[in-house]
Amino acid sequence: MGKAIVTLVAGDSYQRLWNLYSRPSWERYAARHSYRLIVLDRALDESAQWGAERSLAWQKLLILGRPELQGVDRVLWLDSDIVINDAAPCAVDGVPEEKIGAVQDQCLLSHPSLATAFAVNNGWHNGPSALSHMFYKSNGLQPPAGYHLNSGVLVASPKHHRELFEYVYRTHRETPHSYMEQAGLSFEIISRGLHLPIDPRFNALWLEYKTACYSFLFQIPSLFPLCIATALQNCFFLHFAGRIADMQRIDPNVTSNFGKVSGWKQA
């Protein structure tokens with residue numbers, strides 16, 4: 001079975017961040033689990049009709065037809081603003097080829113014990129399910145479930161899912177409330193019964209840790225490297241979605257392993 005990690009890193013600033021903070025852990029992960037690492041550096045569709053008028057995130061829906069994937073059966077799509085824990089297992093294991101593996105958006109904050117943090121993060125007090133219903137309806141979609149997906153990490157198959165991804169690309173619109181392609185992609189995957197929930201640690205959002213556990217960082221920014229290292233220790237893939245600037249606070253010399261801290265000195 002051929003496996004590939006695929007990402008899109010377009011623009012000098014994103015390429016610099018990815019090379020500095022993501023690439024080393026990705027290369028170690030790819031070597032450990034026998035993935036081919038495919039890094040695309042420009043939009044796959046620059047047409048005025050589709051590519052140029054929408055967020056770059058839509059381009060992930062075109063990857064399954066790329067010639068670079070010849071001989072690849074399983075694809076692990078990763079947004080470029082992700083750092084990988086060296087202890088992370090293989091993400092495609094346990095995902096049947098016909099299913100699409102993905103994590104519910106804000107899975108951590110959706111836990112009832114973090115209801116207050118969820119409300120603060122979203123400016124919403126009616127809970128995750130009601131928020132997802134509103135999310136779908138605001139995009140003209142009938143809610144297929146009480147959750148939606150974060151598409152920063154996807155396990156898919158070119159054979160089974162290329163047509164679906166390209167259908168979403170051609171059919172769904174980007175709106176101010178669609179989170180780029182996530183509304184349309186979530187709707188199609190869930191309503192067709194293709195979603196397989198994977199371990200939430202494969203798409204742990206840094207913004208969730210920051211809101212629920214480390215809100216003091218706004219007053220004590222010197223703790224950023226230690227808090228990021230601690231969050232990474234608790235997950236497989238740490239995703240800086242919406243908090244890309246915080247990646248620059250990573251210090252690869254700082255580690256935090258359940259009480260054992262190294263490489264960090266209090267300012």
# chains A, B, ... in the order shown; residues from 1 in each chain; ligands from 1
call {"tool": "closest_atom_pairs", "arguments": {"of": "range 32-100 of chain A", "to": "range 238-256 of chain A", "cutoff": "7 Å", "atoms": "only C-alpha atoms", "output": "CSV"}}
result
residue,atom,partner,partner_atom,distance
A:Asp81,CA,A:Phe240,CA,5.4
A:Ile82,CA,A:His239,CA,4.4
A:Val83,CA,A:Leu238,CA,5.3
A:Ile84,CA,A:Leu238,CA,6.3
call {"tool": "write_last_selection", "arguments": {"atoms": "C-alpha atoms", "output": "PDB file, in the first residue's frame"}}
result
ATOM      1  CA  ASP A  81       0.486  24.877  10.072  1.00  0.00           C
ATOM      2  CA  ILE A  82       0.824  21.554  11.912  1.00  0.00           C
ATOM      3  CA  VAL A  83       3.645  20.221  14.081  1.00  0.00           C
ATOM      4  CA  ILE A  84       3.910  16.476  14.716  1.00  0.00           C
TER       5      ILE A  84
END
call {"tool": "residues_around", "arguments": {"residues": "range 134-139 of chain A", "least_positions_apart": "3", "cutoff": "10 Å", "atoms": "only C-alpha atoms", "output": "list in words"}}
result
Pro128, Ser129, Ala130, Leu131, Gln142, Pro143, Pro144, Ala145, Gly146, Tyr147, His148, His172, Arg173, Glu174, Thr175, Pro176, His177, Ser178, Tyr179, Gln182, Ala183, Gly184, Ser186 and Phe187 of chain A
call {"tool": "write_last_selection", "arguments": {"atoms": "C-alpha atoms", "output": "mmCIF file, in the first residue's frame"}}
result
data_model
loop_
_atom_site.group_PDB
_atom_site.id
_atom_site.type_symbol
_atom_site.label_atom_id
_atom_site.label_comp_id
_atom_site.auth_asym_id
_atom_site.auth_seq_id
_atom_site.Cartn_x
_atom_site.Cartn_y
_atom_site.Cartn_z
ATOM 1 C CA PRO A 128 -21.460 22.759 20.065
ATOM 2 C CA SER A 129 -24.378 20.953 18.402
ATOM 3 C CA ALA A 130 -26.478 24.089 18.065
ATOM 4 C CA LEU A 131 -23.466 25.970 16.734
ATOM 5 C CA GLN A 142 -29.510 21.037 5.930
ATOM 6 C CA PRO A 143 -27.468 19.883 8.951
ATOM 7 C CA PRO A 144 -26.448 16.223 8.480
ATOM 8 C CA ALA A 145 -25.210 15.973 12.094
ATOM 9 C CA GLY A 146 -24.616 17.972 15.245
ATOM 10 C CA TYR A 147 -20.974 18.545 14.373
ATOM 11 C CA HIS A 148 -18.756 19.536 11.482
ATOM 12 C CA HIS A 172 -20.043 24.523 -3.048
ATOM 13 C CA ARG A 173 -19.446 28.201 -2.428
ATOM 14 C CA GLU A 174 -17.215 30.083 -0.058
ATOM 15 C CA THR A 175 -19.203 32.404 2.193
ATOM 16 C CA PRO A 176 -18.248 34.600 5.159
ATOM 17 C CA HIS A 177 -19.405 31.739 7.407
ATOM 18 C CA SER A 178 -18.212 28.654 5.522
ATOM 19 C CA TYR A 179 -14.707 28.432 7.040
ATOM 20 C CA GLN A 182 -15.223 23.187 5.537
ATOM 21 C CA ALA A 183 -18.983 23.690 5.332
ATOM 22 C CA GLY A 184 -19.388 22.031 1.944
ATOM 23 C CA SER A 186 -18.288 18.435 6.019
ATOM 24 C CA PHE A 187 -21.800 18.321 4.585
#
call {"tool": "residues_around", "arguments": {"residues": "Arg170 in chain A", "least_positions_apart": "3", "cutoff": "12 Å", "atoms": "only C-alpha atoms", "output": "PyMOL selection string"}}
result
chain A and resi 45+49-51+54+58-59+61-62+163-167+173-174+181+184-185
call {"tool": "closest_residue", "arguments": {"among": "A:Val92, A:Ala4, A:Val261, A:Val39", "to": "Trp18 in chain A", "atoms": "only C-alpha atoms"}}
result
A:Val39
call {"tool": "select_by_dssp", "arguments": {"residues": "range 34-224 of chain A", "states": "strand (DSSP E)", "output": "PyMOL selection string"}}
result
chain A and resi 36-40+74-78+82-84+100-104+149-156+195-197+204-205
call {"tool": "closest_residue", "arguments": {"among": "A:Glu27, A:Glu208, A:Glu53, A:Asp73", "to": "Asn85 in chain A", "atoms": "only C-alpha atoms"}}
result
A:Glu27
call {"tool": "select_by_dssp", "arguments": {"residues": "range 128-254 of chain A", "states": "alpha helix (DSSP H)", "output": "VMD selection string"}}
result
chain A and resid 128 to 137 158 to 171 182 to 191 206 to 212 224 to 233
call {"tool": "closest_atom_pairs", "arguments": {"of": "range 98-133 of chain A", "to": "range 212-233 of chain A", "cutoff": "12 Å", "atoms": "only C-alpha atoms", "output": "Markdown table"}}
result
| residue | atom | partner | partner_atom | distance |
| --- | --- | --- | --- | --- |
| A:Gln106 | CA | A:Ala212 | CA | 11.3 |
| A:Leu108 | CA | A:Ala212 | CA | 9.0 |
| A:Leu109 | CA | A:Ala212 | CA | 7.4 |
| A:Ser110 | CA | A:Ala212 | CA | 11.0 |
| A:His111 | CA | A:Ala212 | CA | 11.1 |
| A:Ser113 | CA | A:Ala212 | CA | 10.2 |
| A:Leu114 | CA | A:Ala212 | CA | 7.0 |
| A:Ala115 | CA | A:Ala212 | CA | 9.6 |
| A:Thr116 | CA | A:Ala212 | CA | 8.5 |
| A:Ala117 | CA | A:Ala212 | CA | 5.3 |
| A:Phe118 | CA | A:Ala212 | CA | 8.0 |
| A:Ala119 | CA | A:Ala212 | CA | 10.5 |
| A:Val120 | CA | A:Ala212 | CA | 9.2 |
| A:Asn121 | CA | A:Ala212 | CA | 8.7 |
call {"tool": "write_last_selection", "arguments": {"atoms": "C-alpha atoms", "output": "PDB file, in the first residue's frame"}}
result
ATOM      1  CA  GLN A 106     -13.137  21.888  18.241  1.00  0.00           C
ATOM      2  CA  LEU A 108     -11.558  19.245  22.810  1.00  0.00           C
ATOM      3  CA  LEU A 109     -13.681  22.307  23.582  1.00  0.00           C
ATOM      4  CA  SER A 110     -16.839  20.363  22.741  1.00  0.00           C
ATOM      5  CA  HIS A 111     -16.416  18.268  25.881  1.00  0.00           C
ATOM      6  CA  SER A 113     -16.416  20.026  31.060  1.00  0.00           C
ATOM      7  CA  LEU A 114     -15.084  22.827  28.843  1.00  0.00           C
ATOM      8  CA  ALA A 115     -18.427  24.440  28.059  1.00  0.00           C
ATOM      9  CA  THR A 116     -17.307  27.810  29.435  1.00  0.00           C
ATOM     10  CA  ALA A 117     -14.145  27.839  27.319  1.00  0.00           C
ATOM     11  CA  PHE A 118     -16.182  26.806  24.258  1.00  0.00           C
ATOM     12  CA  ALA A 119     -18.572  29.707  24.845  1.00  0.00           C
ATOM     13  CA  VAL A 120     -15.706  32.184  25.239  1.00  0.00           C
ATOM     14  CA  ASN A 121     -13.879  30.937  22.158  1.00  0.00           C
TER      15      ASN A 121
END
call {"tool": "closest_residue", "arguments": {"among": "A:Phe237, A:Tyr209, A:Trp264, A:Trp124", "to": "Asp79 in chain A", "atoms": "only C-alpha atoms"}}
result
A:Phe237
call {"tool": "residues_around", "arguments": {"residues": "Lys159 in chain A", "least_positions_apart": "4", "cutoff": "10 Å", "atoms": "only C-alpha atoms", "output": "short mmCIF file (atom, residue, chain, number, x, y, z; two decimals) with C-alpha atoms, in the first residue's frame"}}
result
data_model
loop_
_atom_site.label_atom_id
_atom_site.label_comp_id
_atom_site.auth_asym_id
_atom_site.auth_seq_id
_atom_site.Cartn_x
_atom_site.Cartn_y
_atom_site.Cartn_z
CA LEU A 64 -6.32 13.37 -5.34
CA GLY A 65 -5.96 13.78 -9.09
CA VAL A 72 -0.48 5.99 -3.84
CA ASP A 73 -3.48 4.24 -2.27
CA ARG A 74 -3.84 6.33 0.88
CA GLU A 97 -10.04 2.70 2.22
CA GLU A 98 -13.62 3.66 1.40
CA GLU A 163 -14.75 12.47 -7.46
#
